[in-house]
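Novice: Dumping the structure here so I can ask a few things about it.
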Amino acid sequence: MFTKTIDFSKYSSIKVGQPTEVLMIEKGDTIPDDRYLIGGANNLLVSPNPPPLMMLSKDFAYITEEKNMLEIGAAMPTGRIVSYAKKHNIAGFEFCSKLPGTLGGMLAMNAGVKEYEIFNILHSIEINGKWVLKENIPHGYRFAQLSGVATAAKFKVKEGFSQSLLDSLLNLRSNQPHDPSAGSAFKNPEGDAAGRLIEAVGLKGFQKGNMAWSDVHANFLVNLGGGTYGDASYLMELAKTNVYKEFGIVLKEEVKIL
């Protein structure tokens with residue numbers, strides 16, 4: 001293992017943060033249990049005082065196929081997973097094109113798009129060096145209790161990559177902002193949409209400093225340039241408070257705040 005300084009104002013998708021020392025884990029290393037594991041930082045909001053951080057090195061960015069089973073390292077970027085699936089005519093991974101980041105991040109939160117979720121196609125996950133069947137991992141909507149560090153996952157190979165499905169999922173991006181963000185800020189409450197609720201309390205397009213609730217999609221907290229953690233945190237708390245006052249609904253963060 002080795003340390004690497006990562007500037008989260010450049011590395012994270014929301015472009016908020018500061019240069020921070022991160023421990024890089026290599027194959028064969030004993031993974032510390034006193035550090036927070038990050039991936040592509042696509043759903044992270046990093047505070048000025050984050051906990052000790054670690055990241056899987058490129059040793060964990062691989063794809064192997066054996067006996068009708070695909071094994072993918074947790075550091076593998078989603079874009080490369082989709083490219084592999086397309087090249088080898090493998091079905092099930094089309095929705096990953098809509099989700100930036102790495103496989104590890106997807107596993108940690110059961111990431112998905114509409115009815116498509118990573119656990120739907122998952123066979124098992126390597127957690128702390130041991131393979132665990134998905135049936136033995138508590139999971140649900142944007143939630144997975146891994147109880148350790150995921151370093152790889154296995155998927156049964158199913159033929160039939162769908163370009164039409166890929167295209168239709170990519171079209172969903174037309175209603176998403178192009179400004180830097182961490183994706184959906186809040187999970188959708190059952191039977192409702194966080195974006196609708198935030199818009200209903202008048203916060204769509206509302207700005208604090210250089211952070212704002214997007215005027216394209218109200219559930220996206222966007223950085224208009226040089227936005228700070230303090231302003232981002234303020235806007236998230238404001239949305240939670242106003243939505244609860246108006247609707248009695250507690251919004252739950254989808255973005256991870258460190």
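By order in the structure tokens, chains are A, B, ...; within a chain, residues start at 1; ligands start at 1, following the order shown.
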Could you pull the residues within 12 Å of Lys10 (chain A), counting only C-alpha atoms, minus those fewer than 4 positions along the same chain, as a PyMOL selection string?
Specialist: chain A and resi 5-6+14-20+40-42+46+180+223+225-227
Novice: Could you turn the residues from that selection into a file that holds N, CA and C atoms, as an mmCIF file, in the first residue's frame?
Specialist:
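Dumped everything to again.cif:
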data_model
loop_
_atom_site.group_PDB
_atom_site.id
_atom_site.type_symbol
_atom_site.label_atom_id
_atom_site.label_comp_id
_atom_site.auth_asym_id
_atom_site.auth_seq_id
_atom_site.Cartn_x
_atom_site.Cartn_y
_atom_site.Cartn_z
ATOM 1 N N THR A 5 -2.048 11.847 -2.579
ATOM 2 C CA THR A 5 -2.819 13.048 -2.287
ATOM 3 C C THR A 5 -3.804 13.300 -3.428
ATOM 4 N N ILE A 6 -5.081 13.365 -3.069
ATOM 5 C CA ILE A 6 -6.137 13.580 -4.051
ATOM 6 C C ILE A 6 -6.829 14.910 -3.755
ATOM 7 N N ILE A 14 -18.679 16.477 -7.906
ATOM 8 C CA ILE A 14 -19.303 17.745 -7.527
ATOM 9 C C ILE A 14 -18.263 18.866 -7.381
ATOM 10 N N LYS A 15 -16.980 18.516 -7.478
ATOM 11 C CA LYS A 15 -15.875 19.486 -7.450
ATOM 12 C C LYS A 15 -15.829 20.292 -6.149
ATOM 13 N N VAL A 16 -16.072 19.597 -5.039
ATOM 14 C CA VAL A 16 -16.001 20.218 -3.717
ATOM 15 C C VAL A 16 -15.004 19.426 -2.879
ATOM 16 N N GLY A 17 -14.168 20.136 -2.124
ATOM 17 C CA GLY A 17 -13.203 19.448 -1.271
ATOM 18 C C GLY A 17 -11.844 20.111 -1.329
ATOM 19 N N GLN A 18 -10.851 19.392 -0.884
ATOM 20 C CA GLN A 18 -9.495 19.922 -0.805
ATOM 21 C C GLN A 18 -8.509 18.765 -0.970
ATOM 22 N N PRO A 19 -7.205 19.065 -1.171
ATOM 23 C CA PRO A 19 -6.216 17.994 -1.253
ATOM 24 C C PRO A 19 -6.204 17.180 0.044
ATOM 25 N N THR A 20 -6.348 15.870 -0.082
ATOM 26 C CA THR A 20 -6.454 14.984 1.076
ATOM 27 C C THR A 20 -5.624 13.730 0.841
ATOM 28 N N GLY A 40 -14.856 6.250 -7.144
ATOM 29 C CA GLY A 40 -14.713 7.319 -8.118
ATOM 30 C C GLY A 40 -15.160 8.679 -7.621
ATOM 31 N N ALA A 41 -15.652 8.735 -6.373
ATOM 32 C CA ALA A 41 -16.095 9.998 -5.742
ATOM 33 C C ALA A 41 -17.191 10.679 -6.543
ATOM 34 N N ASN A 42 -18.085 9.864 -7.112
ATOM 35 C CA ASN A 42 -19.180 10.424 -7.899
ATOM 36 C C ASN A 42 -20.435 10.698 -7.081
ATOM 37 N N VAL A 46 -17.286 15.877 0.192
ATOM 38 C CA VAL A 46 -16.179 15.788 1.142
ATOM 39 C C VAL A 46 -16.079 17.070 1.963
ATOM 40 N N PRO A 180 -21.358 20.388 -12.512
ATOM 41 C CA PRO A 180 -20.847 19.371 -11.597
ATOM 42 C C PRO A 180 -21.825 19.088 -10.457
ATOM 43 N N ASN A 223 -22.660 22.529 -8.535
ATOM 44 C CA ASN A 223 -21.588 23.479 -8.252
ATOM 45 C C ASN A 223 -21.466 24.412 -9.453
ATOM 46 N N GLY A 225 -19.329 26.743 -9.746
ATOM 47 C CA GLY A 225 -17.940 27.166 -9.900
ATOM 48 C C GLY A 225 -17.369 27.675 -8.599
ATOM 49 N N GLY A 226 -16.516 26.872 -7.973
ATOM 50 C CA GLY A 226 -15.920 27.275 -6.709
ATOM 51 C C GLY A 226 -16.839 27.125 -5.517
ATOM 52 N N GLY A 227 -17.868 26.287 -5.638
ATOM 53 C CA GLY A 227 -18.788 26.063 -4.537
ATOM 54 C C GLY A 227 -18.104 25.402 -3.347
#
Novice: As a list in words, please: all residues of region 74-137 of chain A that backbone DSSP puts in helix (DSSP H, G or I).
Specialist: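 Those residues are Thr78, Gly79, Arg80, Ile81, Val82, Ser83, Tyr84, Ala85, Lys86, Lys87, Glu94, Phe95, Cys96, Ser97, Lys98, Leu103, Gly104, Gly105, Met106, Leu107, Ala108, Met109, Ile118, Phe119, Asn120, Ile121, Lys134, Glu135 and Asn136 of chain A.
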Novice: Point out the residue among A:Leu166, A:Leu122, A:Val22, A:Val132 with the least atom-to-atom distance to Lys154 (chain A), counting only C-alpha atoms.
Specialist: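 Closest candidate: A:Leu122.
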Novice: Taking only C-alpha atoms into account, which of A:Leu107, A:Ile25, A:Ala74, A:Val222 comes nearest Lys204 (chain A)?
Specialist: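 Nearest to Lys204 (chain A): A:Val222.
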Novice: Figure out the distance between CA of Ile127 (chain A) and CA of Val149 (chain A), please, to one decimal in Å.
Specialist: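 Taking CA of Val149 (chain A) as the start and CA of Ile127 (chain A) as the end point, the length is 5.3 Å.
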Novice: Check the smallest atom-to-atom distance from each of A:Ile118, A:Val82, A:Ala182, A:Leu238 to Ser12 (chain A) using only C-alpha atoms, then report the winner.
Specialist: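 Closest to Ser12 (chain A) of all the choices is A:Ala182.
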Novice: Using DSSP on the backbone coordinates, identify all residues within region 96-140 of chain A classified as strand (DSSP E); present the result as a VMD selection string.
Specialist: chain A and resid 112 to 113 116 to 117 124 to 127 130 to 133 139 to 140
Novice: The selected residues should be written to file as a short mmCIF file (atom, residue, chain, number, x, y, z; two decimals), in the first residue's frame (atoms: C-alpha atoms).
Specialist:
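In the end it all went to part-v8.cif:
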data_model
loop_
_atom_site.label_atom_id
_atom_site.label_comp_id
_atom_site.auth_asym_id
_atom_site.auth_seq_id
_atom_site.Cartn_x
_atom_site.Cartn_y
_atom_site.Cartn_z
CA GLY A 112 -29.44 1.60 -10.28
CA VAL A 113 -31.59 3.40 -12.81
CA TYR A 116 -32.48 -1.69 -13.07
CA GLU A 117 -30.20 -2.31 -10.03
CA SER A 124 -21.84 -12.80 -5.23
CA ILE A 125 -19.40 -10.29 -3.76
CA GLU A 126 -15.91 -10.78 -2.37
CA ILE A 127 -16.05 -9.05 1.02
CA LYS A 130 -14.49 -14.11 1.33
CA TRP A 131 -17.16 -14.69 -1.31
CA VAL A 132 -20.71 -14.02 -0.12
CA LEU A 133 -23.83 -14.87 -2.14
CA HIS A 139 -30.06 -4.96 0.41
CA GLY A 140 -32.86 -2.80 -0.94
#
Novice: Closest to Ala150 (chain A) among A:Ile31, A:Gly183, A:Leu197, A:Asp192, using only C-alpha atoms?
Specialist: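 Closest to Ala150 (chain A) of all the choices is A:Ile31.
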Novice: Identify which of the residues A:Pro48, A:Glu21, A:His123, A:Ala85 lies closest to Ser233 (chain A), counting only C-alpha atoms when measuring atom-to-atom distances.
Specialist: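 Result for the nearest residue to Ser233 (chain A): A:Pro48.
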Novice: Go ahead and compute the interatomic distance for CA of Met54 (chain A) and CA of Glu26 (chain A), in Å to one decimal.
Specialist: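 Interatomic distance, CA of Met54 (chain A) to CA of Glu26 (chain A): 10.8 Å.
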Novice: In Å to one decimal, how far is CA of Phe119 (chain A) from CA of Arg196 (chain A)?
Specialist: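 Spanning CA of Arg196 (chain A) to CA of Phe119 (chain A) is a straight-line distance of 26.8 Å.
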